[in-house]
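Peer 1: After the structure tokens below, expect a handful of questions from me.
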Amino acid sequence: MGSLIYFFTITCNPLWPEIVAELRPDQSASDRPDLTNMVFRAKFEELKEDIFNKNVLGRVASHVHVIEFKKRGLPHVHMLIILEKEGKLQGLDDYDRIVRAEIPDKKKETELYKCVEKWMIHGPRGRKCMREVKCKRGFPKQFDECTVEGKDAYPVY
């Protein structure tokens, strides 16, 4: 297996409590770029602290990121992180160590379940990926108990 490279896209959530609490009743997050940028930046700085100083993913050899803004004015960041040699994946079991690709238990992890259901599940609730009654990207994928190597060496979780 090659180097462990993470690619993240992190988007400002206009429903973050820190944003919603500061909006007037007639405002939306896109009306307050000063506020959304400040909250996003604070959360991004916390993430960078976890990744680069606390090494929650492993020791970082190199990284690059770029912050962009959507049409509605909300910021998002694309971040590429390459871990040092000891952080590299050695086999398929390593994917299972770092990736969780399942829907959380609704009763045991209620808050996490709500977030996954609201923000990550492809479904017929007006998502742009939906074509008729199916996701054009093939979600939901078939569940596998363990990670296997798929086409083009991509892992299948």
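Within each chain, counting starts at residue 1; across the structure tokens, chains are named A, B, ... in the order shown, with ligands numbered 1 upward in that order.
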Can you pull out the residues contacting region 41-44 of chain A? Cut-off 12 Å, using only C-alpha atoms, and skip same-chain residues under 3 positions away; I want them as a PyMOL selection string.

Peer 2: chain A and resi 8-13+16+18-19+33-38+47-52+65-67+74-79

Peer 1: Write the residues you've just listed into a file as a short mmCIF file (atom, residue, chain, number, x, y, z; two decimals), in the first residue's frame, and include N, CA, C and O atoms for each of them.

Peer 2:
```
data_model
loop_
_atom_site.label_atom_id
_atom_site.label_comp_id
_atom_site.auth_asym_id
_atom_site.auth_seq_id
_atom_site.Cartn_x
_atom_site.Cartn_y
_atom_site.Cartn_z
N PHE A 8 -9.58 16.15 2.68
CA PHE A 8 -10.79 16.59 3.35
C PHE A 8 -11.42 17.76 2.61
O PHE A 8 -10.70 18.60 2.06
N THR A 9 -12.71 17.83 2.62
CA THR A 9 -13.42 19.05 2.29
C THR A 9 -14.31 19.34 3.48
O THR A 9 -15.12 18.50 3.86
N ILE A 10 -14.11 20.49 4.08
CA ILE A 10 -14.86 20.87 5.27
C ILE A 10 -15.64 22.12 4.93
O ILE A 10 -15.07 23.11 4.47
N THR A 11 -16.94 22.08 5.13
CA THR A 11 -17.82 23.17 4.73
C THR A 11 -18.45 23.83 5.95
O THR A 11 -18.84 23.15 6.89
N CYS A 12 -18.56 25.13 5.90
CA CYS A 12 -19.25 25.88 6.95
C CYS A 12 -20.72 25.45 6.97
O CYS A 12 -21.37 25.43 5.94
N ASN A 13 -21.20 25.13 8.15
CA ASN A 13 -22.59 24.73 8.31
C ASN A 13 -23.39 25.95 8.77
O ASN A 13 -23.17 26.45 9.86
N TRP A 16 -24.76 25.87 12.39
CA TRP A 16 -23.95 25.77 13.60
C TRP A 16 -24.55 26.71 14.65
O TRP A 16 -24.90 27.86 14.34
N GLU A 18 -23.30 28.46 16.93
CA GLU A 18 -22.55 29.72 17.08
C GLU A 18 -22.98 30.76 16.05
O GLU A 18 -22.86 31.95 16.28
N ILE A 19 -23.46 30.30 14.91
CA ILE A 19 -23.93 31.21 13.87
C ILE A 19 -25.39 31.57 14.11
O ILE A 19 -25.75 32.75 14.16
N PRO A 33 -21.51 37.34 6.31
CA PRO A 33 -20.22 36.72 6.00
C PRO A 33 -19.17 36.95 7.08
O PRO A 33 -18.28 36.12 7.28
N ASP A 34 -19.27 38.07 7.80
CA ASP A 34 -18.34 38.30 8.89
C ASP A 34 -18.46 37.23 9.96
O ASP A 34 -17.47 36.68 10.45
N LEU A 35 -19.67 36.90 10.31
CA LEU A 35 -19.95 35.91 11.34
C LEU A 35 -19.59 34.50 10.87
O LEU A 35 -18.90 33.75 11.58
N THR A 36 -20.05 34.13 9.68
CA THR A 36 -19.77 32.77 9.19
C THR A 36 -18.27 32.54 9.03
O THR A 36 -17.77 31.48 9.37
N ASN A 37 -17.55 33.56 8.54
CA ASN A 37 -16.10 33.42 8.38
C ASN A 37 -15.40 33.28 9.73
O ASN A 37 -14.47 32.49 9.88
N MET A 38 -15.84 34.05 10.71
CA MET A 38 -15.22 34.00 12.03
C MET A 38 -15.44 32.62 12.68
O MET A 38 -14.49 32.03 13.21
N LEU A 47 -9.39 22.27 14.29
CA LEU A 47 -9.07 21.08 13.52
C LEU A 47 -7.58 21.00 13.24
O LEU A 47 -6.95 19.94 13.39
N LYS A 48 -6.98 22.11 12.83
CA LYS A 48 -5.54 22.14 12.56
C LYS A 48 -4.74 21.80 13.82
O LYS A 48 -3.75 21.08 13.75
N GLU A 49 -5.17 22.30 14.96
CA GLU A 49 -4.50 21.98 16.23
C GLU A 49 -4.53 20.47 16.47
O GLU A 49 -3.52 19.87 16.83
N ASP A 50 -5.68 19.85 16.26
CA ASP A 50 -5.81 18.40 16.45
C ASP A 50 -4.92 17.63 15.48
O ASP A 50 -4.27 16.66 15.87
N ILE A 51 -4.89 18.06 14.24
CA ILE A 51 -4.15 17.31 13.22
C ILE A 51 -2.65 17.54 13.31
O ILE A 51 -1.86 16.59 13.30
N PHE A 52 -2.21 18.79 13.42
CA PHE A 52 -0.79 19.10 13.33
C PHE A 52 -0.05 19.08 14.66
O PHE A 52 1.13 18.76 14.70
N HIS A 65 -3.60 23.43 2.04
CA HIS A 65 -5.05 23.66 2.07
C HIS A 65 -5.37 24.96 1.34
O HIS A 65 -4.52 25.82 1.18
N VAL A 66 -6.62 25.04 0.90
CA VAL A 66 -7.11 26.26 0.26
C VAL A 66 -8.53 26.48 0.75
O VAL A 66 -9.32 25.55 0.86
N ILE A 67 -8.82 27.73 1.11
CA ILE A 67 -10.16 28.10 1.54
C ILE A 67 -10.86 28.77 0.37
O ILE A 67 -10.30 29.66 -0.27
N LEU A 74 -20.68 31.03 1.82
CA LEU A 74 -20.19 30.21 2.91
C LEU A 74 -18.81 29.65 2.58
O LEU A 74 -18.59 29.13 1.48
N PRO A 75 -17.87 29.72 3.52
CA PRO A 75 -16.52 29.20 3.27
C PRO A 75 -16.46 27.68 3.36
O PRO A 75 -17.25 27.05 4.06
N HIS A 76 -15.52 27.11 2.64
CA HIS A 76 -15.17 25.71 2.79
C HIS A 76 -13.69 25.57 2.49
O HIS A 76 -13.08 26.45 1.87
N VAL A 77 -13.09 24.52 3.00
CA VAL A 77 -11.66 24.31 2.82
C VAL A 77 -11.42 22.94 2.22
O VAL A 77 -12.10 21.98 2.55
N HIS A 78 -10.47 22.88 1.30
CA HIS A 78 -9.97 21.61 0.77
C HIS A 78 -8.59 21.44 1.38
O HIS A 78 -7.77 22.37 1.34
N MET A 79 -8.34 20.28 1.96
CA MET A 79 -7.10 20.06 2.69
C MET A 79 -6.52 18.70 2.32
O MET A 79 -7.22 17.69 2.36
#
```

Peer 1: Excluding region 111-116 of chain A and its own-chain neighbours fewer than 3 positions away, which residues fall within 12 Å of it when counting only C-alpha atoms? Please give them as a PyMOL selection string.

Peer 2: chain A and resi 13+15-16+100-108+119-122

Peer 1: I need the residues in region 13-86 of chain A that are helix (DSSP H, G or I) according to DSSP; give them as a PyMOL selection string.

Peer 2: chain A and resi 17-20+29-31+33-53+85-86

Peer 1: Filtering to N, CA and C atoms, could you give me those residues as an mmCIF file, in the first residue's frame?

Peer 2:
```
data_model
loop_
_atom_site.group_PDB
_atom_site.id
_atom_site.type_symbol
_atom_site.label_atom_id
_atom_site.label_comp_id
_atom_site.auth_asym_id
_atom_site.auth_seq_id
_atom_site.Cartn_x
_atom_site.Cartn_y
_atom_site.Cartn_z
ATOM 1 N N PRO A 17 -24.695 26.239 15.883
ATOM 2 C CA PRO A 17 -25.299 27.068 16.936
ATOM 3 C C PRO A 17 -24.613 28.419 17.120
ATOM 4 N N GLU A 18 -23.298 28.458 16.928
ATOM 5 C CA GLU A 18 -22.553 29.715 17.085
ATOM 6 C C GLU A 18 -22.976 30.757 16.052
ATOM 7 N N ILE A 19 -23.458 30.299 14.911
ATOM 8 C CA ILE A 19 -23.932 31.209 13.866
ATOM 9 C C ILE A 19 -25.390 31.573 14.115
ATOM 10 N N VAL A 20 -26.215 30.571 14.283
ATOM 11 C CA VAL A 20 -27.658 30.786 14.450
ATOM 12 C C VAL A 20 -27.953 31.710 15.630
ATOM 13 N N ALA A 29 -27.571 32.889 7.410
ATOM 14 C CA ALA A 29 -26.118 32.875 7.549
ATOM 15 C C ALA A 29 -25.434 33.601 6.395
ATOM 16 N N SER A 30 -25.990 33.486 5.193
ATOM 17 C CA SER A 30 -25.366 34.146 4.043
ATOM 18 C C SER A 30 -25.451 35.672 4.114
ATOM 19 N N ASP A 31 -26.305 36.197 5.002
ATOM 20 C CA ASP A 31 -26.363 37.649 5.213
ATOM 21 C C ASP A 31 -25.234 38.148 6.107
ATOM 22 N N PRO A 33 -21.508 37.335 6.312
ATOM 23 C CA PRO A 33 -20.218 36.716 5.996
ATOM 24 C C PRO A 33 -19.169 36.948 7.080
ATOM 25 N N ASP A 34 -19.272 38.067 7.802
ATOM 26 C CA ASP A 34 -18.337 38.305 8.889
ATOM 27 C C ASP A 34 -18.457 37.234 9.960
ATOM 28 N N LEU A 35 -19.673 36.904 10.311
ATOM 29 C CA LEU A 35 -19.952 35.907 11.342
ATOM 30 C C LEU A 35 -19.587 34.500 10.873
ATOM 31 N N THR A 36 -20.047 34.125 9.676
ATOM 32 C CA THR A 36 -19.771 32.774 9.187
ATOM 33 C C THR A 36 -18.274 32.541 9.028
ATOM 34 N N ASN A 37 -17.554 33.556 8.543
ATOM 35 C CA ASN A 37 -16.103 33.416 8.380
ATOM 36 C C ASN A 37 -15.400 33.285 9.725
ATOM 37 N N MET A 38 -15.837 34.050 10.715
ATOM 38 C CA MET A 38 -15.222 34.003 12.033
ATOM 39 C C MET A 38 -15.435 32.619 12.681
ATOM 40 N N VAL A 39 -16.645 32.109 12.614
ATOM 41 C CA VAL A 39 -16.950 30.806 13.220
ATOM 42 C C VAL A 39 -16.223 29.695 12.468
ATOM 43 N N PHE A 40 -16.263 29.747 11.141
ATOM 44 C CA PHE A 40 -15.580 28.741 10.341
ATOM 45 C C PHE A 40 -14.087 28.735 10.645
ATOM 46 N N ARG A 41 -13.500 29.916 10.697
ATOM 47 C CA ARG A 41 -12.056 30.026 10.962
ATOM 48 C C ARG A 41 -11.700 29.434 12.328
ATOM 49 N N ALA A 42 -12.526 29.722 13.349
ATOM 50 C CA ALA A 42 -12.263 29.188 14.685
ATOM 51 C C ALA A 42 -12.314 27.659 14.681
ATOM 52 N N LYS A 43 -13.295 27.101 14.004
ATOM 53 C CA LYS A 43 -13.418 25.643 13.941
ATOM 54 C C LYS A 43 -12.277 25.028 13.131
ATOM 55 N N PHE A 44 -11.864 25.705 12.073
ATOM 56 C CA PHE A 44 -10.757 25.214 11.266
ATOM 57 C C PHE A 44 -9.453 25.243 12.063
ATOM 58 N N GLU A 45 -9.254 26.289 12.856
ATOM 59 C CA GLU A 45 -8.058 26.369 13.697
ATOM 60 C C GLU A 45 -8.029 25.232 14.722
ATOM 61 N N GLU A 46 -9.180 24.884 15.279
ATOM 62 C CA GLU A 46 -9.265 23.747 16.212
ATOM 63 C C GLU A 46 -8.890 22.451 15.505
ATOM 64 N N LEU A 47 -9.392 22.274 14.287
ATOM 65 C CA LEU A 47 -9.072 21.078 13.517
ATOM 66 C C LEU A 47 -7.578 21.004 13.237
ATOM 67 N N LYS A 48 -6.983 22.113 12.834
ATOM 68 C CA LYS A 48 -5.543 22.136 12.561
ATOM 69 C C LYS A 48 -4.744 21.802 13.820
ATOM 70 N N GLU A 49 -5.166 22.300 14.961
ATOM 71 C CA GLU A 49 -4.504 21.975 16.228
ATOM 72 C C GLU A 49 -4.532 20.471 16.472
ATOM 73 N N ASP A 50 -5.684 19.850 16.259
ATOM 74 C CA ASP A 50 -5.813 18.405 16.448
ATOM 75 C C ASP A 50 -4.918 17.633 15.484
ATOM 76 N N ILE A 51 -4.892 18.056 14.240
ATOM 77 C CA ILE A 51 -4.145 17.310 13.215
ATOM 78 C C ILE A 51 -2.648 17.541 13.314
ATOM 79 N N PHE A 52 -2.213 18.789 13.421
ATOM 80 C CA PHE A 52 -0.786 19.097 13.330
ATOM 81 C C PHE A 52 -0.050 19.079 14.663
ATOM 82 N N ASN A 53 -0.716 19.420 15.746
ATOM 83 C CA ASN A 53 -0.035 19.465 17.042
ATOM 84 C C ASN A 53 -0.357 18.263 17.923
ATOM 85 N N LYS A 85 6.090 8.223 7.284
ATOM 86 C CA LYS A 85 6.161 6.815 6.910
ATOM 87 C C LYS A 85 5.440 5.886 7.890
ATOM 88 N N GLU A 86 5.596 6.105 9.196
ATOM 89 C CA GLU A 86 4.967 5.186 10.145
ATOM 90 C C GLU A 86 3.448 5.263 10.120
#
```

Peer 1: If you run DSSP on the backbone here, which positions in region 63-128 of chain A get strand (DSSP E)? Please write them as a list in words.

Peer 2: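 Answer for region 63-128 of chain A restricted to strand (DSSP E) is His63, Val64, His65, Val66, Ile67, Glu68, Phe69, Pro75, His76, Val77, His78, Met79, Leu80, Ile81, Ile82 and Leu83 of chain A.
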
Peer 1: May I have the selected residues written with C-alpha atoms, as a PDB file, in the first residue's frame?

Peer 2:
```
ATOM      1  CA  HIS A  63       0.040  19.376   3.947  1.00  0.00           C
ATOM      2  CA  VAL A  64      -1.639  22.030   1.866  1.00  0.00           C
ATOM      3  CA  HIS A  65      -5.047  23.658   2.068  1.00  0.00           C
ATOM      4  CA  VAL A  66      -7.109  26.255   0.264  1.00  0.00           C
ATOM      5  CA  ILE A  67     -10.161  28.104   1.541  1.00  0.00           C
ATOM      6  CA  GLU A  68     -12.876  28.878  -1.003  1.00  0.00           C
ATOM      7  CA  PHE A  69     -16.320  30.439  -0.879  1.00  0.00           C
ATOM      8  CA  PRO A  75     -16.524  29.201   3.266  1.00  0.00           C
ATOM      9  CA  HIS A  76     -15.171  25.708   2.786  1.00  0.00           C
ATOM     10  CA  VAL A  77     -11.659  24.313   2.822  1.00  0.00           C
ATOM     11  CA  HIS A  78      -9.970  21.613   0.771  1.00  0.00           C
ATOM     12  CA  MET A  79      -7.101  20.061   2.686  1.00  0.00           C
ATOM     13  CA  LEU A  80      -4.526  17.475   1.632  1.00  0.00           C
ATOM     14  CA  ILE A  81      -2.499  15.786   4.379  1.00  0.00           C
ATOM     15  CA  ILE A  82       0.346  13.306   3.870  1.00  0.00           C
ATOM     16  CA  LEU A  83       1.455  11.342   6.920  1.00  0.00           C
TER      17      LEU A  83
END
```

Peer 1: Please report the interatomic distance between CA of Lys151 (chain A) and CA of Val60 (chain A) in Å with one decimal.

Peer 2: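 For CA of Lys151 (chain A) relative to CA of Val60 (chain A), the distance reads 28.2 Å.
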